[in-house]
Amino acid sequence: MAVFPDIKAAYGSQIDPRWKTIVSGYDTGSEQRIAKRQFAVFDFKLKFPSLSKADAQSIWNFYNARRGAYEAFYIFAPESDTYFGLFVAEGDGSRDVFDLPGKSTSGRTLYRNGSMQSSGFSYLTGTGQGGADQVGFTTAPAAGDIISIDMTCILRAKVRFKEDRLPKEFFDYLIYSYGIELVGLSGE
């Protein structure tokens, strides 16, 4: 999967976790809530106030290569932060190495089906797609096992462009003030 060009976004860019909850209200004032997503996806709004012509062209080319909102890609957050409950992967019984949702990771706590793991795995630095760190298991997680992690990292998220139609002038003149919006997607 493609990775967004390594062009530093500016302060003021936003990374928003998005959940999916169904809320049913009752006449009594109470409500029932059902979580439809176990892990957040991350939407991005990136601003580039001092974008060179070459960098604007690079983002424009990347946008067109993805065919607007059609093709998903990975993006790395502009700076490191601490995240809790990030989805890593679902085991299939044979795969034993998985990309972490970040690079330059530290302070990691790994979970399998919600239980903290202390052995049977090791971390690999920068060996995943786009330079993401990875976790390698001694024994492949069973089919259906959910692997998650808490860590400090430069977050990697699977996203797509929000818009299917953006004029070239937007990339040349407006991306610095309006920013470009990316919609977070679930899955590895």
# chains A, B, ... in the order shown; residues from 1 in each chain; ligands from 1
$ select_by_dssp --residues "stretch 58-172 of chain A" --states "strand (DSSP E)" --output "ChimeraX atom specification"
/A:73-76,81-90,97-99,102-112,115-116,121-124,134-137,146-161
$ closest_residue --among "A:Ala10, A:Gly120, A:Met1, A:Val88" --to "A:Arg160" --atoms "only C-alpha atoms"
A:Met1
$ closest_residue --among "A:Ile149, A:Ser119, A:Phe171, A:Pro141" --to "A:Ser52" --atoms "only C-alpha atoms"
A:Phe171
$ residues_around --residues "A:Ser122" --least-positions-apart "5" --cutoff "8 Å" --atoms "only C-alpha atoms" --output "list of chain:residue names"
A:Val135, A:Gly136, A:Phe137
$ write_last_selection --atoms "C-alpha atoms" --output "short mmCIF file (atom, residue, chain, number, x, y, z; two decimals), in the first residue's frame"
data_model
loop_
_atom_site.label_atom_id
_atom_site.label_comp_id
_atom_site.auth_asym_id
_atom_site.auth_seq_id
_atom_site.Cartn_x
_atom_site.Cartn_y
_atom_site.Cartn_z
CA VAL A 135 6.03 -7.13 16.23
CA GLY A 136 7.18 -10.70 15.61
CA PHE A 137 5.66 -13.59 17.56
#
$ atom_distance --atom1 "atom CA of A:Glu79" --atom2 "atom CA of A:Phe44"
12.8 Å
